[in-house]
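For reference, my_file_34.cif (mmCIF, C-alpha atoms):
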data_model
loop_
_atom_site.label_atom_id
_atom_site.label_comp_id
_atom_site.auth_asym_id
_atom_site.auth_seq_id
_atom_site.Cartn_x
_atom_site.Cartn_y
_atom_site.Cartn_z
CA VAL I 1 8.46 24.77 -5.33
CA SER I 2 5.43 26.69 -6.58
CA GLY I 3 3.92 26.52 -3.08
CA TRP I 4 7.06 28.00 -1.58
CA ALA I 5 7.17 30.74 -4.25
CA VAL I 6 3.55 31.82 -3.69
CA GLY I 7 4.07 31.83 0.06
CA ALA I 8 7.22 33.90 -0.22
CA LEU I 9 5.70 36.46 -2.62
CA ARG I 10 2.57 36.91 -0.54
CA PHE I 11 4.28 36.65 2.87
CA LEU I 12 2.16 33.64 3.82
CA PRO I 13 3.12 30.65 5.98
CA TRP I 14 3.78 27.58 3.87
CA VAL I 15 3.13 24.03 5.15
CA PHE I 16 4.92 21.22 3.31
CA GLU I 17 3.17 17.83 3.49
CA VAL I 18 5.61 14.97 2.86
CA ARG I 19 4.03 11.64 1.91
CA ASP I 20 7.11 10.14 0.22
CA LEU I 21 10.79 10.76 0.73
CA TRP I 22 12.55 12.22 -2.32
CA PRO I 23 15.01 11.62 -3.87
CA GLU I 24 15.30 8.39 -1.86
CA SER I 25 12.20 6.97 -3.56
CA LEU I 26 13.93 7.27 -6.97
CA VAL I 27 16.40 4.62 -5.80
CA GLY I 28 13.61 2.56 -4.26
CA VAL I 29 11.79 2.18 -7.59
CA GLY I 30 15.01 1.72 -9.57
CA GLN I 31 14.80 5.01 -11.49
CA ALA I 32 18.12 6.50 -10.35
CA SER I 33 21.27 5.72 -8.41
CA ALA I 34 22.40 7.74 -5.41
CA ASP I 35 25.34 9.20 -7.35
CA SER I 36 23.31 10.26 -10.41
CA LEU I 37 22.74 13.85 -11.51
CA LEU I 38 18.97 13.36 -11.19
CA TYR I 39 19.29 12.16 -7.59
CA ARG I 40 21.60 15.01 -6.60
CA SER I 41 19.37 17.60 -8.29
CA VAL I 42 16.20 16.39 -6.57
CA ALA I 43 18.09 16.20 -3.26
CA ARG I 44 19.01 19.87 -3.53
CA VAL I 45 15.40 20.83 -4.23
CA ALA I 46 14.12 18.70 -1.33
CA LYS I 47 16.63 20.17 1.13
CA PHE I 48 15.73 23.68 -0.01
CA LEU I 49 12.04 23.03 0.61
CA TYR I 50 12.66 21.37 3.99
CA ARG I 51 14.74 24.38 5.01
CA HIS I 52 12.24 27.03 3.87
CA ALA I 53 8.94 25.43 4.91
CA THR I 54 7.17 27.17 7.76
CA HIS I 55 6.10 23.74 8.98
CA ILE I 56 6.32 20.15 7.73
CA VAL I 57 3.66 17.44 8.03
CA VAL I 58 4.58 13.76 7.65
CA ASP I 59 2.39 10.65 7.88
CA GLY I 60 4.61 8.65 10.20
CA ASP I 61 7.22 8.77 12.93
CA TRP I 62 9.93 7.12 10.82
CA LYS I 63 9.73 9.98 8.31
CA ARG I 64 9.90 12.47 11.18
CA ARG I 65 13.11 10.86 12.45
CA HIS I 66 14.54 10.81 8.92
CA LEU I 67 13.96 14.55 8.46
CA ILE I 68 15.47 15.32 11.87
CA HIS I 69 18.53 13.32 10.78
CA GLN I 70 18.58 15.50 7.64
CA GLY I 71 18.90 18.56 9.85
CA VAL I 72 15.26 19.72 10.07
CA GLU I 73 14.33 21.15 13.46
CA GLU I 74 12.06 18.78 15.38
CA SER I 75 9.77 21.68 16.36
CA ARG I 76 8.89 22.24 12.67
CA ILE I 77 7.61 18.69 12.08
CA THR I 78 4.19 17.26 12.94
CA VAL I 79 3.09 13.65 12.43
CA ILE I 80 -0.48 13.24 11.12
CA ARG I 81 -1.28 9.64 10.28
CA ASN I 82 -3.42 8.53 7.36
CA GLY I 83 -6.92 7.40 8.21
CA VAL I 84 -10.23 6.29 6.76
CA GLU I 85 -13.43 8.32 6.57
CA ASP I 86 -15.90 6.74 9.00
CA ASP I 87 -18.55 6.40 6.29
CA PHE I 88 -16.22 4.86 3.69
CA CYS I 89 -16.10 1.19 4.69
CA LEU I 90 -19.19 -0.92 5.27
CA GLU I 91 -19.72 -2.21 8.78
CA PRO I 92 -18.29 -5.74 8.41
CA SER I 93 -21.18 -7.63 10.02
CA SER I 94 -23.97 -5.48 8.58
CA SER I 95 -26.61 -6.56 6.06
CA MET I 96 -25.25 -3.90 3.66
CA ALA I 97 -21.80 -5.48 3.75
CA LEU I 98 -23.23 -8.96 3.18
CA SER I 99 -25.38 -7.73 0.30
CA ALA I 100 -22.41 -5.93 -1.32
CA ARG I 101 -20.24 -9.03 -0.87
CA LEU I 102 -22.75 -11.28 -2.58
CA GLU I 103 -23.36 -8.82 -5.41
CA VAL I 104 -19.65 -8.34 -6.26
CA ARG I 105 -18.94 -12.06 -6.03
CA LYS I 106 -21.87 -12.78 -8.33
CA GLU I 107 -20.56 -10.23 -10.85
CA LEU I 108 -17.12 -11.87 -10.77
CA GLY I 109 -18.41 -15.43 -10.91
CA LEU I 110 -17.16 -16.26 -7.42
CA ARG I 111 -18.84 -18.55 -4.92
CA ASP I 112 -17.08 -19.95 -1.87
CA GLU I 113 -13.51 -19.19 -2.96
CA PHE I 114 -11.07 -17.50 -0.59
CA VAL I 115 -10.44 -14.13 -2.25
CA LEU I 116 -7.24 -12.05 -1.90
CA LEU I 117 -7.64 -8.41 -2.91
CA TYR I 118 -5.10 -5.81 -3.93
CA ALA I 119 -6.83 -2.49 -4.61
CA GLY I 120 -4.62 0.49 -5.38
CA THR I 121 -1.91 1.87 -7.62
CA LEU I 122 -0.17 -0.67 -9.86
CA GLY I 123 3.10 1.16 -9.42
CA MET I 124 6.83 0.59 -9.51
CA ALA I 125 7.10 0.75 -5.72
CA HIS I 126 4.76 -2.14 -4.98
CA GLY I 127 6.49 -5.24 -6.32
CA LEU I 128 3.18 -6.68 -7.51
CA GLU I 129 4.86 -9.44 -9.50
CA THR I 130 5.31 -11.08 -6.08
CA ILE I 131 1.53 -11.58 -5.94
CA LEU I 132 1.54 -13.20 -9.39
CA HIS I 133 4.36 -15.55 -8.44
CA ALA I 134 2.48 -16.49 -5.25
CA ALA I 135 -0.61 -17.12 -7.38
CA GLU I 136 1.51 -19.31 -9.66
CA GLN I 137 2.41 -21.51 -6.68
CA LEU I 138 -1.29 -21.78 -5.81
CA HIS I 139 -2.63 -22.28 -9.35
CA ARG I 140 -3.86 -25.80 -8.58
CA ARG I 141 -5.99 -24.53 -5.69
CA ASP I 142 -9.45 -23.87 -7.13
CA ASP I 143 -10.59 -22.49 -3.78
CA ILE I 144 -8.18 -19.50 -3.78
CA LYS I 145 -8.54 -16.50 -6.12
CA PHE I 146 -6.70 -13.19 -6.53
CA ILE I 147 -8.12 -9.82 -7.60
CA LEU I 148 -5.81 -6.97 -8.60
CA LEU I 149 -7.67 -3.72 -8.97
CA GLY I 150 -6.22 -0.46 -10.24
CA ALA I 151 -4.12 1.45 -12.73
CA GLY I 152 -0.52 2.57 -12.80
CA ALA I 153 2.90 2.44 -14.40
CA GLU I 154 3.28 -1.34 -14.03
CA ARG I 155 -0.12 -2.39 -15.36
CA ALA I 156 1.15 -3.37 -18.83
CA GLN I 157 4.06 -5.36 -17.39
CA LEU I 158 1.76 -7.15 -14.95
CA SER I 159 -0.64 -8.00 -17.74
CA GLN I 160 2.21 -9.44 -19.82
CA LEU I 161 3.47 -11.52 -16.88
CA LEU I 162 -0.06 -12.71 -16.15
CA ASN I 163 -0.46 -13.88 -19.76
CA LYS I 164 2.96 -15.53 -19.71
CA LEU I 165 2.18 -17.47 -16.53
CA ARG I 166 -1.34 -18.33 -17.77
CA LEU I 167 -2.90 -17.88 -14.36
CA ALA I 168 -6.62 -18.62 -14.24
CA ASN I 169 -6.73 -17.78 -10.53
CA VAL I 170 -5.90 -14.08 -11.01
CA ARG I 171 -8.27 -11.35 -12.16
CA LEU I 172 -6.58 -8.10 -13.26
CA MET I 173 -9.30 -5.46 -13.28
CA GLU I 174 -9.49 -1.84 -14.35
CA LYS I 175 -9.46 0.96 -11.81
CA GLN I 176 -12.88 1.27 -10.16
CA PRO I 177 -14.70 4.37 -8.88
CA ARG I 178 -13.75 4.99 -5.28
CA ALA I 179 -17.39 4.59 -4.25
CA LYS I 180 -17.22 0.92 -5.31
CA ILE I 181 -14.12 0.03 -3.30
CA PRO I 182 -16.05 -0.68 -0.03
CA ALA I 183 -18.04 -3.35 -1.89
CA PHE I 184 -14.85 -4.99 -3.18
CA LEU I 185 -13.40 -4.92 0.34
CA ALA I 186 -16.55 -6.63 1.60
CA ALA I 187 -16.25 -9.25 -1.15
CA ALA I 188 -12.65 -10.08 -0.21
CA ASP I 189 -11.52 -12.44 2.55
CA ALA I 190 -8.10 -10.82 3.04
CA CYS I 191 -6.17 -7.90 1.57
CA LEU I 192 -2.62 -7.84 0.20
CA VAL I 193 -0.43 -4.80 0.92
CA PRO I 194 3.05 -5.19 -0.64
CA LEU I 195 6.01 -2.91 -1.29
CA ARG I 196 9.47 -3.57 -2.68
CA ASN I 197 12.27 -4.56 -0.35
CA LYS I 198 14.01 -1.17 -0.23
CA GLU I 199 15.27 0.84 2.74
CA VAL I 200 13.24 3.93 1.86
CA PHE I 201 9.96 2.01 2.06
CA LYS I 202 10.50 1.20 5.71
CA SER I 203 9.07 4.66 6.41
CA ALA I 204 6.05 4.09 4.14
CA ILE I 205 2.58 3.57 5.63
CA PRO I 206 0.22 2.44 2.84
CA SER I 207 -3.25 3.91 3.36
CA LYS I 208 -4.82 0.79 1.79
CA MET I 209 -3.81 -1.04 4.97
CA PHE I 210 -6.11 1.21 7.02
CA GLU I 211 -8.98 0.72 4.57
CA ALA I 212 -8.70 -3.07 4.88
CA MET I 213 -8.57 -2.82 8.67
CA ALA I 214 -11.63 -0.55 8.75
CA ALA I 215 -13.49 -3.07 6.58
CA GLY I 216 -12.64 -5.87 9.01
CA ARG I 217 -10.42 -7.69 6.55
CA PRO I 218 -7.13 -9.23 7.71
CA VAL I 219 -4.05 -7.78 6.04
CA ILE I 220 -1.13 -9.72 4.59
CA LEU I 221 1.55 -7.04 4.75
CA SER I 222 4.87 -7.44 2.95
CA VAL I 223 6.40 -4.18 4.16
CA GLU I 224 9.14 -3.70 6.74
CA GLY I 225 9.34 -0.78 9.14
CA GLU I 226 6.63 1.44 10.59
CA ALA I 227 3.70 -0.14 8.71
CA LYS I 228 4.69 -3.52 10.14
CA GLU I 229 4.85 -2.04 13.65
CA ILE I 230 1.33 -0.63 13.25
CA LEU I 231 -0.12 -3.88 11.89
CA LEU I 232 1.43 -6.12 14.54
CA SER I 233 0.52 -3.82 17.42
CA SER I 234 -3.05 -3.78 16.07
CA GLN I 235 -3.06 -7.59 15.70
CA ALA I 236 -4.84 -6.96 12.40
CA GLY I 237 -2.96 -9.25 10.04
CA LEU I 238 0.17 -11.18 9.15
CA ALA I 239 3.51 -9.55 8.33
CA ILE I 240 5.84 -11.26 5.86
CA PRO I 241 9.14 -10.27 4.21
CA PRO I 242 8.83 -8.08 1.09
CA GLU I 243 9.17 -9.68 -2.37
CA ASP I 244 8.89 -13.23 -0.98
CA PRO I 245 6.23 -15.23 -2.89
CA GLY I 246 6.78 -18.31 -0.71
CA ALA I 247 6.10 -16.37 2.49
CA MET I 248 2.99 -14.88 0.88
CA VAL I 249 1.73 -18.35 -0.02
CA ASP I 250 2.29 -19.54 3.57
CA ALA I 251 0.36 -16.54 4.96
CA ILE I 252 -2.52 -17.07 2.50
CA LEU I 253 -2.79 -20.77 3.37
CA LYS I 254 -2.68 -19.98 7.09
CA LEU I 255 -5.65 -17.62 6.77
CA ARG I 256 -7.47 -20.00 4.40
CA ASN I 257 -7.07 -22.92 6.76
CA GLU I 258 -7.87 -21.01 9.97
CA PRO I 259 -11.17 -19.13 9.55
CA SER I 260 -11.24 -18.22 13.23
CA LEU I 261 -7.85 -16.50 12.92
CA CYS I 262 -9.06 -14.69 9.82
CA GLN I 263 -12.10 -13.38 11.71
CA SER I 264 -10.10 -12.47 14.80
CA LEU I 265 -7.55 -10.42 12.84
CA GLY I 266 -10.37 -8.68 10.97
CA ARG I 267 -12.13 -7.74 14.21
CA SER I 268 -8.89 -6.42 15.68
CA GLY I 269 -8.37 -4.24 12.61
#
Rewrite the structure of this file - the entire thing - as structure tokens.
Amino acid sequence: VSGWAVGALRFLPWVFEVRDLWPESLVGVGQASADSLLYRSVARVAKFLYRHATHIVVDGDWKRRHLIHQGVEESRITVIRNGVEDDFCLEPSSSMALSARLEVRKELGLRDEFVLLYAGTLGMAHGLETILHAAEQLHRRDDIKFILLGAGAERAQLSQLLNKLRLANVRLMEKQPRAKIPAFLAAADACLVPLRNKEVFKSAIPSKMFEAMAAGRPVILSVEGEAKEILLSSQAGLAIPPEDPGAMVDAILKLRNEPSLCQSLGRSG
């Protein structure tokens, strides 16, 4: 709203970048129902901004179609996908990547284990308890470990669930400086990218998926919609249903038991 106000007062064009759909995301994370006052209020603000923006930028085609359905003129919408800076991820087969992998694994006390990494926001949208329940099913496998890296609204709840389940195969770590993330990606064998099973998240395209692909790490994606289309067309990982620990376990075991598939998916990414 402040962006629109400044643009209007100074007679400047105003570009509205939409990364998440509101108020639909309120329902997706369970913070409001579609008939609530909060939902209706945010919907009015969103429609006002869509209507008054000089131009709108979205990060995917599904969001573009959603806004067109909301009545926004197609000519005022441009799709600009998320990406990864070309100097962010370490070249997967390089000596730097191998050195970083060994250093991080040494710090974490890891040797030959198959490591699953989630690095990002520990938020209400992600359904991260699914990872813990998958880890619970694999708790007898000493050769498989999980690393959850980040901060967010669900961190305390995840920590409580982790303590309740008494999982020795999961490491819940504090948020790391962004400069260290490439080393953690190099140390991982595959990356987990989950979201909750909600209609609004079918238009979501998690940027962490692109970071894993750039690092040559296969992705286990539990997201329906456009992100799944991108992953499968890239042949860069395995897509499973959201909030399904059993399907996540099957995907993890498939990658663990087929190193050649793991490498092939990473190269494709």
task: Excluding region 198-210 of chain I and residues on its chain fewer than 4 positions from it, collect all residues at most 9 Å away from it, counting only C-alpha atoms, and give them as a PyMOL selection string.
output: chain I and resi 19-21+24-25+27-29+59-63+66+81-84+118-120+125+191-194+214-215+219+221+223-228+230-231+242+269
I need the residues from that last selection saved to file as a compact mmCIF listing (two decimals), keeping the file's coordinate frame (with C-alpha atoms), if you can.
# COMPACT_ATOMS: atom_id res chain seq x y z
CA ARG I 19 4.03 11.64 1.91
CA ASP I 20 7.11 10.14 0.22
CA LEU I 21 10.79 10.76 0.73
CA GLU I 24 15.30 8.39 -1.86
CA SER I 25 12.20 6.97 -3.56
CA VAL I 27 16.40 4.62 -5.80
CA GLY I 28 13.61 2.56 -4.26
CA VAL I 29 11.79 2.18 -7.59
CA ASP I 59 2.39 10.65 7.88
CA GLY I 60 4.61 8.65 10.20
CA ASP I 61 7.22 8.77 12.93
CA TRP I 62 9.93 7.12 10.82
CA LYS I 63 9.73 9.98 8.31
CA HIS I 66 14.54 10.81 8.92
CA ARG I 81 -1.28 9.64 10.28
CA ASN I 82 -3.42 8.53 7.36
CA GLY I 83 -6.92 7.40 8.21
CA VAL I 84 -10.23 6.29 6.76
CA TYR I 118 -5.10 -5.81 -3.93
CA ALA I 119 -6.83 -2.49 -4.61
CA GLY I 120 -4.62 0.49 -5.38
CA ALA I 125 7.10 0.75 -5.72
CA CYS I 191 -6.17 -7.90 1.57
CA LEU I 192 -2.62 -7.84 0.20
CA VAL I 193 -0.43 -4.80 0.92
CA PRO I 194 3.05 -5.19 -0.64
CA ALA I 214 -11.63 -0.55 8.75
CA ALA I 215 -13.49 -3.07 6.58
CA VAL I 219 -4.05 -7.78 6.04
CA LEU I 221 1.55 -7.04 4.75
CA VAL I 223 6.40 -4.18 4.16
CA GLU I 224 9.14 -3.70 6.74
CA GLY I 225 9.34 -0.78 9.14
CA GLU I 226 6.63 1.44 10.59
CA ALA I 227 3.70 -0.14 8.71
CA LYS I 228 4.69 -3.52 10.14
CA ILE I 230 1.33 -0.63 13.25
CA LEU I 231 -0.12 -3.88 11.89
CA PRO I 242 8.83 -8.08 1.09
CA GLY I 269 -8.37 -4.24 12.61
- request: Check which residues satisfy the PyMOL selection byres ((chain I and resi 47) around 10) in the file shown, then give them as a PyMOL selection string.
  value: chain I and resi 22+42-46+48-52+67+70-72
Dump of C-alpha atoms for the selected residues, as an mmCIF file, in the coordinates of the input:
data_model
loop_
_atom_site.group_PDB
_atom_site.id
_atom_site.type_symbol
_atom_site.label_atom_id
_atom_site.label_comp_id
_atom_site.auth_asym_id
_atom_site.auth_seq_id
_atom_site.Cartn_x
_atom_site.Cartn_y
_atom_site.Cartn_z
ATOM 1 C CA TRP I 22 12.550 12.220 -2.320
ATOM 2 C CA VAL I 42 16.200 16.390 -6.570
ATOM 3 C CA ALA I 43 18.090 16.200 -3.260
ATOM 4 C CA ARG I 44 19.010 19.870 -3.530
ATOM 5 C CA VAL I 45 15.400 20.830 -4.230
ATOM 6 C CA ALA I 46 14.120 18.700 -1.330
ATOM 7 C CA PHE I 48 15.730 23.680 -0.010
ATOM 8 C CA LEU I 49 12.040 23.030 0.610
ATOM 9 C CA TYR I 50 12.660 21.370 3.990
ATOM 10 C CA ARG I 51 14.740 24.380 5.010
ATOM 11 C CA HIS I 52 12.240 27.030 3.870
ATOM 12 C CA LEU I 67 13.960 14.550 8.460
ATOM 13 C CA GLN I 70 18.580 15.500 7.640
ATOM 14 C CA GLY I 71 18.900 18.560 9.850
ATOM 15 C CA VAL I 72 15.260 19.720 10.070
#
Residue nearest Phe88 (chain I) among I:Glu211, I:Glu17, I:Glu129, I:Glu113 (counting only C-alpha atoms):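 Once distances to Phe88 (chain I) are computed over only C-alpha atoms, the minimum belongs to I:Glu211.
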message: My list of candidates is I:Ile80, I:Ala153, I:Leu102, I:Leu238. Which is closest to Thr121 (chain I) when distances are computed with only C-alpha atoms?
response: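 So, comparing all the options, the nearest one is I:Ala153.
The gap separating CA of Pro23 (chain I) from CA of Ser41 (chain I) is 8.6 Å, in Å to one decimal.
In this structure, CA of Leu110 (chain I) sits 12.3 Å away from CA of Phe184 (chain I).
Atom pair CA of Ala239 (chain I) / CA of Ile144 (chain I) has a distance of 19.6 Å (rounded to one decimal).
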- prompt: On this structure, which residues satisfy the PyMOL selection byres ((chain I and resi 13) around 9), written as a ChimeraX atom specification?
  reply: /I:4,7-8,11-12,14-15,53-55
- prompt: Could you write out as an NGL selection string the residues that the PyMOL selection byres ((chain I and resi 128) around 12) matches in the shown file?
  reply: :I and (117-127 or 129-135 or 146-150 or 152-159 or 161-162 or 172 or 192-197 or 222 or 242-245 or 248)
task: Determine the nearest neighbour of Gly109 (chain I) from the options I:Arg140, I:Arg76, I:Arg65, I:Lys145, counting only C-alpha atoms.
output: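 That would be I:Lys145, the residue with the smallest distance to Gly109 (chain I).
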So that each row is one residue of region 145-232 of chain I with an atom at most 9 Å from region 250-263 of chain I, can you give its shortest atom pair and the distance in Å to one decimal, using only C-alpha atoms, rows by chain and rising number, as CSV?
residue,atom,partner,partner_atom,distance
I:Asp189,CA,I:Cys262,CA,8.0
I:Ala190,CA,I:Cys262,CA,7.9
I:Gly216,CA,I:Gln263,CA,8.0
I:Arg217,CA,I:Cys262,CA,7.8
I:Pro218,CA,I:Cys262,CA,6.2
I:Ile220,CA,I:Ala251,CA,7.0
query: Of the residues I:Arg64, I:Arg166, I:Arg40, I:Arg101, which is the one nearest to Ala188 (chain I), using all atoms listed in the file?
result: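 Residue with the minimum atom-to-atom distance to Ala188 (chain I): I:Arg101.
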- prompt: Taking into account all atoms listed in the file, which residue in the set I:Leu26, I:Val18, I:Leu138, I:Ala187 is nearest to Arg111 (chain I)?
  reply: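 The closest residue to Arg111 (chain I) is I:Ala187.
Closest approach to Ala183 (chain I) among I:Leu265, I:Glu107, I:Tyr39, I:Val79: I:Glu107, based on all atoms listed in the file.
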